[in-house]
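To be precise, the following lines are my_file-v5.cif, and they hold mmCIF, C-alpha atoms.
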```cif
data_protein
loop_
_atom_site.label_atom_id
_atom_site.label_comp_id
_atom_site.auth_asym_id
_atom_site.auth_seq_id
_atom_site.Cartn_x
_atom_site.Cartn_y
_atom_site.Cartn_z
CA MET A 1 56.40 35.26 -225.85
CA ALA A 2 53.57 35.58 -223.38
CA GLY A 3 54.08 31.90 -222.63
CA TYR A 4 57.43 32.58 -221.03
CA ALA A 5 55.90 35.25 -218.85
CA GLN A 6 53.16 32.94 -217.63
CA THR A 7 55.46 30.12 -216.70
CA ALA A 8 58.77 31.62 -215.61
CA ARG A 9 57.38 34.57 -213.64
CA LEU A 10 57.57 34.06 -209.89
CA ASP A 11 55.05 35.53 -207.51
CA LEU A 12 57.40 37.86 -205.67
CA SER A 13 54.56 39.48 -203.73
CA ARG A 14 55.07 36.67 -201.22
CA LEU A 15 58.20 38.48 -200.15
CA ASN A 16 56.26 41.60 -199.20
CA GLY A 17 56.08 40.41 -195.62
CA LEU A 18 59.83 41.00 -195.34
CA GLU A 19 59.48 44.69 -196.18
CA THR A 20 58.74 45.94 -192.71
CA ARG A 21 61.40 43.87 -191.00
CA ALA A 22 64.22 44.56 -193.45
CA ARG A 23 66.76 47.30 -192.81
CA ASP A 24 67.54 47.75 -196.52
CA VAL A 25 65.34 46.93 -199.48
CA ILE A 26 66.29 46.97 -203.15
CA GLU A 27 63.65 46.38 -205.80
CA VAL A 28 64.45 46.41 -209.51
CA ASN A 29 61.84 45.90 -212.23
CA VAL A 30 62.97 46.03 -215.83
CA GLU A 31 60.16 45.06 -218.12
CA GLY A 32 57.97 46.00 -221.07
CA LYS A 33 58.74 49.16 -222.94
CA ILE A 34 61.75 50.01 -220.80
CA LEU A 35 63.41 46.71 -221.64
CA GLU A 36 62.55 47.22 -225.30
CA LEU A 37 64.23 50.62 -225.21
CA ALA A 38 67.34 49.18 -223.57
CA LYS A 39 67.49 46.54 -226.29
CA ARG A 40 67.05 49.23 -228.94
CA VAL A 41 69.97 51.23 -227.57
CA LEU A 42 72.19 48.14 -227.31
CA ALA A 43 71.30 47.02 -230.82
CA LYS A 44 72.18 50.42 -232.24
CA THR A 45 75.58 50.76 -230.60
CA ASN A 46 78.65 49.97 -232.66
CA GLU A 47 80.52 48.44 -229.73
CA ALA A 48 80.83 44.71 -230.31
CA ASP A 49 80.36 43.69 -226.65
CA ALA A 50 77.28 45.87 -226.20
CA LYS A 51 75.87 44.40 -229.39
CA LYS A 52 76.46 40.90 -228.00
CA VAL A 53 74.63 41.79 -224.78
CA GLY A 54 71.81 43.13 -226.96
CA GLN A 55 71.73 39.83 -228.85
CA ALA A 56 71.85 37.76 -225.66
CA ILE A 57 68.88 39.59 -224.16
CA SER A 58 66.96 40.24 -227.36
CA GLY A 59 64.17 37.89 -226.33
CA LEU A 60 64.02 38.90 -222.66
CA GLU A 61 60.68 39.95 -221.25
CA ALA A 62 61.50 41.03 -217.75
CA ILE A 63 64.09 41.10 -215.00
CA TYR A 64 63.06 41.37 -211.37
CA VAL A 65 65.40 41.69 -208.43
CA ARG A 66 64.50 41.81 -204.75
CA VAL A 67 67.11 42.18 -202.03
CA TYR A 68 66.34 42.39 -198.32
CA LYS A 69 69.02 42.99 -195.70
CA PHE A 70 68.35 42.64 -192.01
CA GLU A 71 69.88 44.15 -188.90
CA THR A 72 70.27 40.96 -186.95
CA GLU A 73 70.54 37.27 -187.76
CA ASN A 74 67.42 35.26 -188.48
CA GLU A 75 65.19 38.30 -188.28
CA PHE A 76 63.16 36.91 -191.14
CA ASN A 77 61.06 33.84 -191.38
CA LEU A 78 62.62 31.22 -193.64
CA ALA A 79 59.10 30.23 -194.67
CA ASP A 80 58.89 33.48 -196.65
CA VAL A 81 61.82 32.37 -198.79
CA ASP A 82 60.65 28.79 -198.91
CA GLN A 83 57.43 30.04 -200.49
CA ILE A 84 59.54 31.29 -203.38
CA ARG A 85 61.56 28.08 -203.45
CA SER A 86 58.34 26.06 -203.51
CA GLN A 87 57.24 27.89 -206.68
CA LEU A 88 60.40 26.56 -208.25
CA GLN A 89 59.21 23.00 -207.68
CA ALA A 90 56.55 23.57 -210.35
CA PRO A 91 56.92 21.61 -213.60
CA GLY A 92 59.33 23.20 -216.03
CA TRP A 93 61.83 24.46 -213.49
CA GLU A 94 65.07 22.56 -213.14
CA ARG A 95 67.66 23.07 -210.46
CA LEU A 96 70.90 24.02 -212.16
CA ALA A 97 72.98 24.60 -209.05
CA ASN A 98 72.54 24.50 -205.33
CA ALA A 99 75.06 25.44 -202.70
CA ARG A 100 74.81 25.28 -198.94
CA SER A 101 77.36 26.77 -196.60
CA LYS A 102 77.36 26.80 -192.82
CA ARG A 103 79.11 30.11 -192.96
CA ASN A 104 76.36 32.74 -192.68
CA ASN A 105 73.88 29.92 -193.13
CA GLN A 106 74.09 30.53 -196.85
CA LYS A 107 71.83 28.79 -199.34
CA VAL A 108 72.08 29.45 -203.06
CA ASP A 109 69.71 27.92 -205.57
CA VAL A 110 69.83 28.49 -209.30
CA TYR A 111 66.90 27.26 -211.34
CA THR A 112 66.36 27.36 -215.07
CA MET A 113 63.31 26.79 -217.19
CA PHE A 114 63.55 25.46 -220.71
CA THR A 115 60.96 25.62 -223.44
CA GLY A 116 62.26 23.06 -225.89
CA ASP A 117 65.95 23.81 -226.30
CA ILE A 118 65.59 27.44 -225.35
CA MET A 119 66.18 28.71 -221.84
CA SER A 120 63.02 30.63 -221.07
CA GLY A 121 63.64 31.69 -217.51
CA VAL A 122 66.14 31.82 -214.69
CA ALA A 123 65.60 32.15 -210.97
CA VAL A 124 68.28 32.66 -208.35
CA VAL A 125 67.42 32.53 -204.68
CA VAL A 126 70.10 33.41 -202.16
CA SER A 127 69.43 33.39 -198.47
CA GLU A 128 71.90 34.13 -195.70
CA SER A 129 71.45 34.70 -192.02
CA LYS A 130 71.06 38.45 -192.55
CA SER A 131 69.93 38.80 -196.14
CA ILE A 132 67.75 37.42 -198.89
CA ALA A 133 68.04 37.99 -202.62
CA VAL A 134 65.79 36.77 -205.40
CA ILE A 135 66.45 37.30 -209.09
CA ASN A 136 63.89 36.31 -211.69
CA VAL A 137 64.70 36.61 -215.38
CA ILE A 138 61.88 35.90 -217.82
CA GLY A 139 62.33 35.11 -221.49
CA PRO A 140 64.94 33.37 -223.58
CA ILE A 141 68.56 34.11 -222.76
CA ASP A 142 71.58 33.16 -224.79
CA ILE A 143 73.81 31.85 -222.00
CA GLU A 144 76.66 30.98 -224.35
CA LEU A 145 76.79 34.55 -225.56
CA LEU A 146 76.65 35.92 -222.02
CA THR A 147 79.41 33.54 -220.98
CA GLN A 148 81.62 35.01 -223.68
CA LEU A 149 81.01 38.43 -222.16
CA GLY A 150 81.96 37.35 -218.63
CA GLY A 151 84.31 39.86 -217.03
CA LYS A 152 83.27 42.64 -219.39
CA MET A 153 80.63 45.36 -219.08
CA ASN A 154 80.00 44.54 -215.40
CA ILE A 155 78.94 41.02 -216.31
CA PRO A 156 80.45 38.59 -213.82
CA LYS A 157 82.76 35.91 -215.14
CA PHE A 158 80.94 32.60 -215.42
CA GLU A 159 82.59 29.24 -215.16
CA VAL A 160 80.25 27.31 -217.42
CA GLU A 161 81.36 24.24 -219.26
CA LEU A 162 79.87 24.34 -222.70
CA ASP A 163 79.36 21.34 -224.94
CA LYS A 164 82.19 21.14 -227.41
CA PRO A 165 81.27 20.28 -230.97
CA LYS A 166 82.14 16.65 -231.70
CA THR A 167 84.88 15.97 -234.19
CA GLY A 168 84.48 13.60 -237.08
CA ASN A 169 86.52 10.74 -235.55
CA MET B 1 40.29 99.53 -227.68
CA THR B 2 41.20 99.52 -231.31
CA LYS B 3 40.50 96.63 -233.63
CA LYS B 4 44.24 95.96 -233.86
CA ALA B 5 44.59 95.73 -230.08
CA ILE B 6 41.58 93.39 -229.82
CA LEU B 7 43.02 91.21 -232.57
CA THR B 8 46.43 91.12 -230.85
CA LEU B 9 44.82 90.21 -227.52
CA ALA B 10 42.70 87.49 -229.15
CA LEU B 11 45.71 86.04 -230.95
CA SER B 12 47.76 86.10 -227.76
CA LEU B 13 45.04 84.28 -225.87
CA PHE B 14 44.75 81.74 -228.66
CA VAL B 15 48.47 81.08 -228.72
CA LEU B 16 48.73 80.96 -224.93
CA GLY B 17 45.64 78.79 -224.79
CA GLY B 18 47.53 76.14 -226.70
CA TYR B 19 50.17 75.96 -223.99
CA LEU B 20 48.44 76.88 -220.78
CA PRO B 21 46.29 73.80 -220.18
CA ALA B 22 49.30 71.48 -220.48
CA GLU B 23 51.39 73.65 -218.15
CA ALA B 24 48.60 74.31 -215.67
CA LYS B 25 47.65 70.66 -215.26
CA PRO B 26 49.44 69.36 -212.17
CA GLY B 27 51.73 66.67 -213.49
CA GLU B 28 53.33 63.84 -211.57
CA TYR B 29 56.36 66.03 -210.91
CA SER B 30 54.35 68.82 -209.27
CA GLN B 31 52.39 66.29 -207.27
CA ILE B 32 55.54 64.83 -205.78
CA VAL B 33 56.89 68.32 -205.09
CA ARG B 34 53.63 69.14 -203.34
CA HIS B 35 53.80 65.90 -201.34
CA LEU B 36 57.31 66.65 -200.09
CA LYS B 37 56.38 70.22 -199.22
CA SER B 38 53.12 69.50 -197.48
CA LYS B 39 53.80 66.13 -195.88
CA TYR B 40 57.37 66.67 -194.76
CA GLN B 41 57.52 70.49 -194.60
CA ALA B 42 60.39 70.36 -197.08
CA LYS B 43 62.01 73.64 -198.03
CA LYS B 44 63.02 74.17 -201.63
CA VAL B 45 66.71 74.89 -202.23
CA LYS B 46 67.45 77.36 -204.97
CA ILE B 47 69.99 76.17 -207.55
CA PRO B 48 71.78 79.13 -209.12
CA PHE B 49 71.74 79.33 -212.92
CA MET B 50 69.57 76.25 -213.20
CA PHE B 51 67.52 77.95 -215.90
CA LEU B 52 70.71 78.46 -217.93
CA ALA B 53 71.66 74.79 -217.60
CA ARG B 54 68.18 73.74 -218.69
CA PHE B 55 68.28 76.17 -221.60
CA ALA B 56 71.71 74.88 -222.67
CA VAL B 57 70.59 71.25 -222.49
CA GLY B 58 67.48 72.13 -224.50
CA ILE B 59 69.70 73.54 -227.25
CA VAL B 60 72.70 71.18 -227.15
CA ARG B 61 70.79 67.98 -226.24
CA PRO B 62 73.86 66.13 -224.97
CA ALA B 63 73.62 62.33 -225.12
CA GLY B 64 70.10 62.62 -226.44
CA VAL B 65 68.82 64.46 -223.34
CA LYS B 66 66.13 66.81 -224.55
CA SER B 67 65.13 68.35 -221.26
CA PHE B 68 65.76 67.94 -217.57
CA SER B 69 65.03 69.54 -214.27
CA VAL B 70 66.35 69.16 -210.76
CA THR B 71 64.60 70.32 -207.62
CA LEU B 72 66.34 70.12 -204.28
CA PHE B 73 64.75 70.20 -200.85
CA LYS B 74 66.11 70.41 -197.34
CA ASP B 75 64.84 70.09 -193.77
CA LEU B 76 62.48 67.20 -194.43
CA LYS B 77 60.68 66.02 -191.32
CA PHE B 78 59.47 62.44 -191.46
CA SER B 79 59.19 59.24 -189.53
CA TYR B 80 61.68 56.61 -190.75
CA ASP B 81 59.15 53.86 -190.18
CA ARG B 82 56.46 55.40 -192.37
CA LEU B 83 58.55 57.17 -195.03
CA ASP B 84 58.83 54.33 -197.52
CA ALA B 85 55.16 53.37 -197.36
CA GLU B 86 54.10 57.02 -197.66
CA MET B 87 56.46 57.66 -200.56
CA GLN B 88 55.43 54.50 -202.39
CA SER B 89 51.81 55.49 -202.06
CA ALA B 90 52.53 59.08 -203.19
CA MET B 91 54.53 57.83 -206.17
CA ARG B 92 51.77 55.39 -207.17
CA ASP B 93 49.13 58.13 -206.91
CA SER B 94 51.21 60.63 -208.87
CA PHE B 95 52.55 58.41 -211.63
CA GLY B 96 49.88 56.89 -213.82
CA PRO B 97 49.84 53.38 -215.26
CA GLU B 98 51.88 54.52 -218.25
CA TRP B 99 54.85 54.86 -215.89
CA SER B 100 56.82 51.80 -214.76
CA PRO B 101 58.48 51.68 -211.35
CA ALA B 102 61.98 50.63 -212.38
CA LEU B 103 63.88 50.94 -209.13
CA ARG B 104 63.22 51.32 -205.43
CA VAL B 105 65.90 51.37 -202.79
CA ARG B 106 65.35 52.18 -199.16
CA ASN B 107 67.11 51.79 -195.87
CA ARG B 108 66.22 52.50 -192.31
CA GLU B 109 68.65 55.41 -192.10
CA GLY B 110 66.26 57.42 -194.23
CA GLN B 111 67.84 56.94 -197.65
CA GLN B 112 65.33 56.26 -200.39
CA VAL B 113 65.50 56.15 -204.17
CA TYR B 114 62.51 55.79 -206.47
CA MET B 115 62.85 55.69 -210.23
CA TYR B 116 59.96 55.68 -212.64
CA MET B 117 60.24 55.50 -216.42
CA ARG B 118 57.87 55.75 -219.33
CA GLU B 119 57.93 55.80 -223.08
CA ASP B 120 56.78 59.04 -224.66
CA GLY B 121 56.62 58.61 -228.42
CA SER B 122 60.19 58.04 -229.51
CA ASN B 123 61.50 59.41 -226.22
CA VAL B 124 61.89 58.08 -222.72
CA ARG B 125 60.93 60.04 -219.64
CA VAL B 126 62.70 59.31 -216.40
CA ALA B 127 61.81 60.57 -212.95
CA VAL B 128 64.02 59.94 -209.95
CA VAL B 129 63.22 60.90 -206.39
CA THR B 130 65.97 60.52 -203.83
CA ILE B 131 65.70 61.20 -200.14
CA ASP B 132 68.75 61.18 -197.93
CA LYS B 133 67.94 61.94 -194.33
CA ALA B 134 66.65 65.52 -194.33
CA GLN B 135 67.43 66.24 -197.97
CA ALA B 136 65.63 65.30 -201.15
CA ALA B 137 66.07 65.70 -204.87
CA ILE B 138 63.61 65.25 -207.67
CA ILE B 139 65.18 64.78 -211.07
CA ARG B 140 63.30 64.37 -214.29
CA ALA B 141 64.63 64.07 -217.79
CA THR B 142 63.44 63.28 -221.26
CA PHE B 143 65.86 61.65 -223.65
CA SER B 144 65.88 60.01 -227.02
CA PRO B 145 67.22 56.42 -226.88
CA ASP B 146 68.23 56.62 -230.53
CA ARG B 147 70.25 59.77 -229.91
CA LEU B 148 71.74 58.15 -226.82
CA ALA B 149 72.90 55.22 -228.95
CA ASP B 150 74.37 57.68 -231.46
CA PHE B 151 76.15 59.42 -228.59
CA ILE B 152 77.56 56.11 -227.30
CA ASN B 153 78.83 55.35 -230.80
CA ASP B 154 80.28 58.78 -231.35
CA PRO B 155 80.35 60.93 -228.19
CA LYS B 156 80.15 64.51 -229.37
CA VAL B 157 78.81 67.70 -227.83
CA LEU B 158 78.35 70.64 -230.18
CA GLY B 159 80.41 68.81 -232.77
CA ILE B 160 83.35 68.43 -230.36
CA SER B 161 84.37 64.83 -229.89
CA LEU B 162 84.69 63.55 -226.33
CA ASN B 163 86.73 60.57 -227.48
CA ASP B 164 90.28 60.68 -226.13
CA ASN B 165 91.75 58.93 -229.12
CA ASP B 166 89.48 60.31 -231.77
CA ASP B 167 91.49 60.77 -234.95
CA THR B 168 88.54 62.04 -236.94
CA ASP B 169 89.03 65.54 -235.57
CA VAL B 170 90.17 67.32 -238.71
CA ASP B 171 91.19 70.55 -236.98
CA LYS B 172 93.82 68.81 -234.85
CA ASP B 173 95.50 67.20 -237.85
CA ASP B 174 95.51 70.48 -239.73
CA ASP B 175 97.75 72.04 -237.06
CA LYS B 176 100.27 69.25 -237.20
CA LYS B 177 103.42 69.35 -239.25
CA PRO B 178 103.52 66.81 -242.07
CA ASP B 179 105.93 64.52 -240.17
CA GLU B 180 103.59 64.48 -237.12
CA ALA B 181 100.59 63.49 -239.16
CA ALA B 182 99.35 59.90 -239.18
CA PRO B 183 101.75 57.65 -241.05
CA ALA B 184 100.70 56.69 -244.52
CA LYS B 185 99.27 53.23 -244.97
CA PRO B 186 101.38 50.72 -246.89
CA ASP B 187 99.15 51.08 -249.94
CA GLY B 188 99.85 54.79 -250.03
CA THR B 189 96.44 55.94 -248.79
CA ASN B 190 96.06 58.01 -245.64
#
```
Kindly transcribe the structure held in the file into structure tokens.
Amino acid sequence: MAGYAQTARLDLSRLNGLETRARDVIEVNVEGKILELAKRVLAKTNEADAKKVGQAISGLEAIYVRVYKFETENEFNLADVDQIRSQLQAPGWERLANARSKRNNQKVDVYTMFTGDIMSGVAVVVSESKSIAVINVIGPIDIELLTQLGGKMNIPKFEVELDKPKTGN
Amino acid sequence: MTKKAILTLALSLFVLGGYLPAEAKPGEYSQIVRHLKSKYQAKKVKIPFMFLARFAVGIVRPAGVKSFSVTLFKDLKFSYDRLDAEMQSAMRDSFGPEWSPALRVRNREGQQVYMYMREDGSNVRVAVVTIDKAQAAIIRATFSPDRLADFINDPKVLGISLNDNDDTDVDKDDDKKPDEAAPAKPDGTN
């Protein structure tokens, strides 16, 4: 388990420089015992969907979220975000999706890390002209199970094409 | 002083001694209260019947909550630019390494939220500090995650179900006429 933490964990302290310039800051850290307790509660509930979420995150080690919103456009230095993006060039990370839009100068990058066949980390970096968001999920996640839960329990609906099992012919 | 009085006094001191050190030690909660009072000249707002609410929660333990407390403050005087850094530092100093900073939200308009959590045996302790302009609230609670899961499965307070469509409430069915009762299953069971 510690292996996931070593490889998929991003050094988010590089974003600290944005703190003073940002108008709004949101920082979420769900890790260690707190995550274990959340899993315990989810595992114990009788509700099928909650149980599925519990299953999907049963191996998770940590979730970190950083959001910075700015008063005016381009108040932050893109190099701060690029430092995070550059960490995602390390071996193991694979770019799953990348979107660029001229509207709001939006850039969205989704990276995943696999250890064998298991997804061991996810990183999402979103930068716009007036905001930056970084999400780092560490540990194995059952994406198929989460996809099934899309639209329920505040989990956004994913449009993920899953491999269909091959038929005999 | 008679022997009986001395014995009573000694016993009282012994019993109190077991509780006093834990109560007298300034915990993270009191440290934050002190910080708000001294640093920002915050004035405590009295919440009527708070002691009753705390007593009731201690007895009923709804949703696994074993204890809680809320302290409100008003008239905080601070500099928007320094508030977050000062609060972060105060929170770090007050909450030991056994606490995890789970959430921090701040904006330049003077709204701040800090949430710390820790495991305490089979329980979880949560402390939330919110500051909204000149007002602040410190909330702390201890709850049992297992009891919380039980509550999610079967929401009940003092044996009264909070489920809208709970048909396990025997008393309700007892008042119904036979034709209003749940229809019998095809196999004859009910």
- Any chance you could work out the residue set of the PyMOL selection byres ((chain A) within 6 of (chain B)) here, as a list in words?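 What the PyMOL selection byres ((chain A) within 6 of (chain B)) grabs from the file is Arg23, Asp24, Val25, Ile26, Glu27, Val28, Asn29, Val30, Val41, Lys44, Thr45 and Asn46 of chain A.
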- Item | Residue neighbourhood B:Leu83, 9 Å, only C-alpha atoms, exclusion window fewer than 4 positions, as a list in words |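 Here the qualifying residues turn out to be Phe78, Ser79, Met87, Gln88, Gly110 and Gln112 of chain B.
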Output the selection as a short mmCIF file (atom, residue, chain, number, x, y, z; two decimals), keeping the file's coordinate frame - C-alpha atoms for each residue.
```
data_model
loop_
_atom_site.label_atom_id
_atom_site.label_comp_id
_atom_site.auth_asym_id
_atom_site.auth_seq_id
_atom_site.Cartn_x
_atom_site.Cartn_y
_atom_site.Cartn_z
CA PHE B 78 59.47 62.44 -191.46
CA SER B 79 59.19 59.24 -189.53
CA MET B 87 56.46 57.66 -200.56
CA GLN B 88 55.43 54.50 -202.39
CA GLY B 110 66.26 57.42 -194.23
CA GLN B 112 65.33 56.26 -200.39
#
```
- Reference answer for the PyMOL selection byres ((chain B and resi 89-94) around 8), as a VMD selection string: chain B and resid 27 to 29 31 to 32 35 85 to 88 95 to 96
- Item | For atom CA of A:Leu10 and atom CA of A:Glu144, the interatomic separation in Å (one decimal) |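 Between these atoms lies a distance of 24.1 Å.
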- Task: May I have the residues within 8 Å of stretch 57-71 of chain A as a ChimeraX atom specification, using all atoms listed in the file and disregarding those fewer than 6 positions away in the same chain?
- Result: /A:1,5,18-19,21-32,35,39,130-142
- Item | Non-local contacts of stretch 14-16 of chain A (9 Å; all atoms listed in the file; under 2 positions in same chain excluded) as a list in words |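 Listed by chain and then number, they are Asp11, Leu12, Leu18, Glu19, Thr20, Arg66, Asp80, Val81, Gln83 and Ile84 of chain A.
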- atom CA of A:Ser101 to atom CA of A:Phe114, distance in Å rounded to a single decimal: 27.8 Å
- What does the distance between atom CA of A:Ser127 and atom CA of A:Gln106 come to in Å, to one decimal place? 5.7 Å
Listed atoms of stretch 82-95 of chain B boxed along x, y and z, 8 Å each side, centre and edge lengths in Å, one decimal, as JSON:
```
{"center_x": 54.0, "center_y": 57.0, "center_z": -202.0, "size_x": 25.7, "size_y": 23.3, "size_z": 35.3}
```
- Select all residues near (57.2, 24.4, -215.0) (cut-off 9 Å, inclusive, file coordinates), counting only C-alpha atoms, and output them as a VMD selection string. chain A and resid 7 to 8 88 to 94 113 to 114
- Using only C-alpha atoms, which of A:Gly17, A:Gly116, A:Ile143, A:Val122 sits nearest A:Phe76?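 So, comparing all the options, the nearest one is A:Gly17.
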- Message: Could you check the closest approach to A:Leu78 for each of A:Glu36, A:Arg9, A:Val53, A:Asn105 and tell me which residue wins, using all atoms listed in the file?
- Response: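 Residue with the minimum atom-to-atom distance to A:Leu78: A:Asn105.
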- Task: List the residues selected by the PyMOL selection byres ((chain B and resi 71) around 6) in the file shown, writing them as a list of chain:residue names.
- Result: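 Applying the PyMOL selection byres ((chain B and resi 71) around 6) to the structure shown produces B:Val70, B:Leu72, B:Ala137, B:Ile138.
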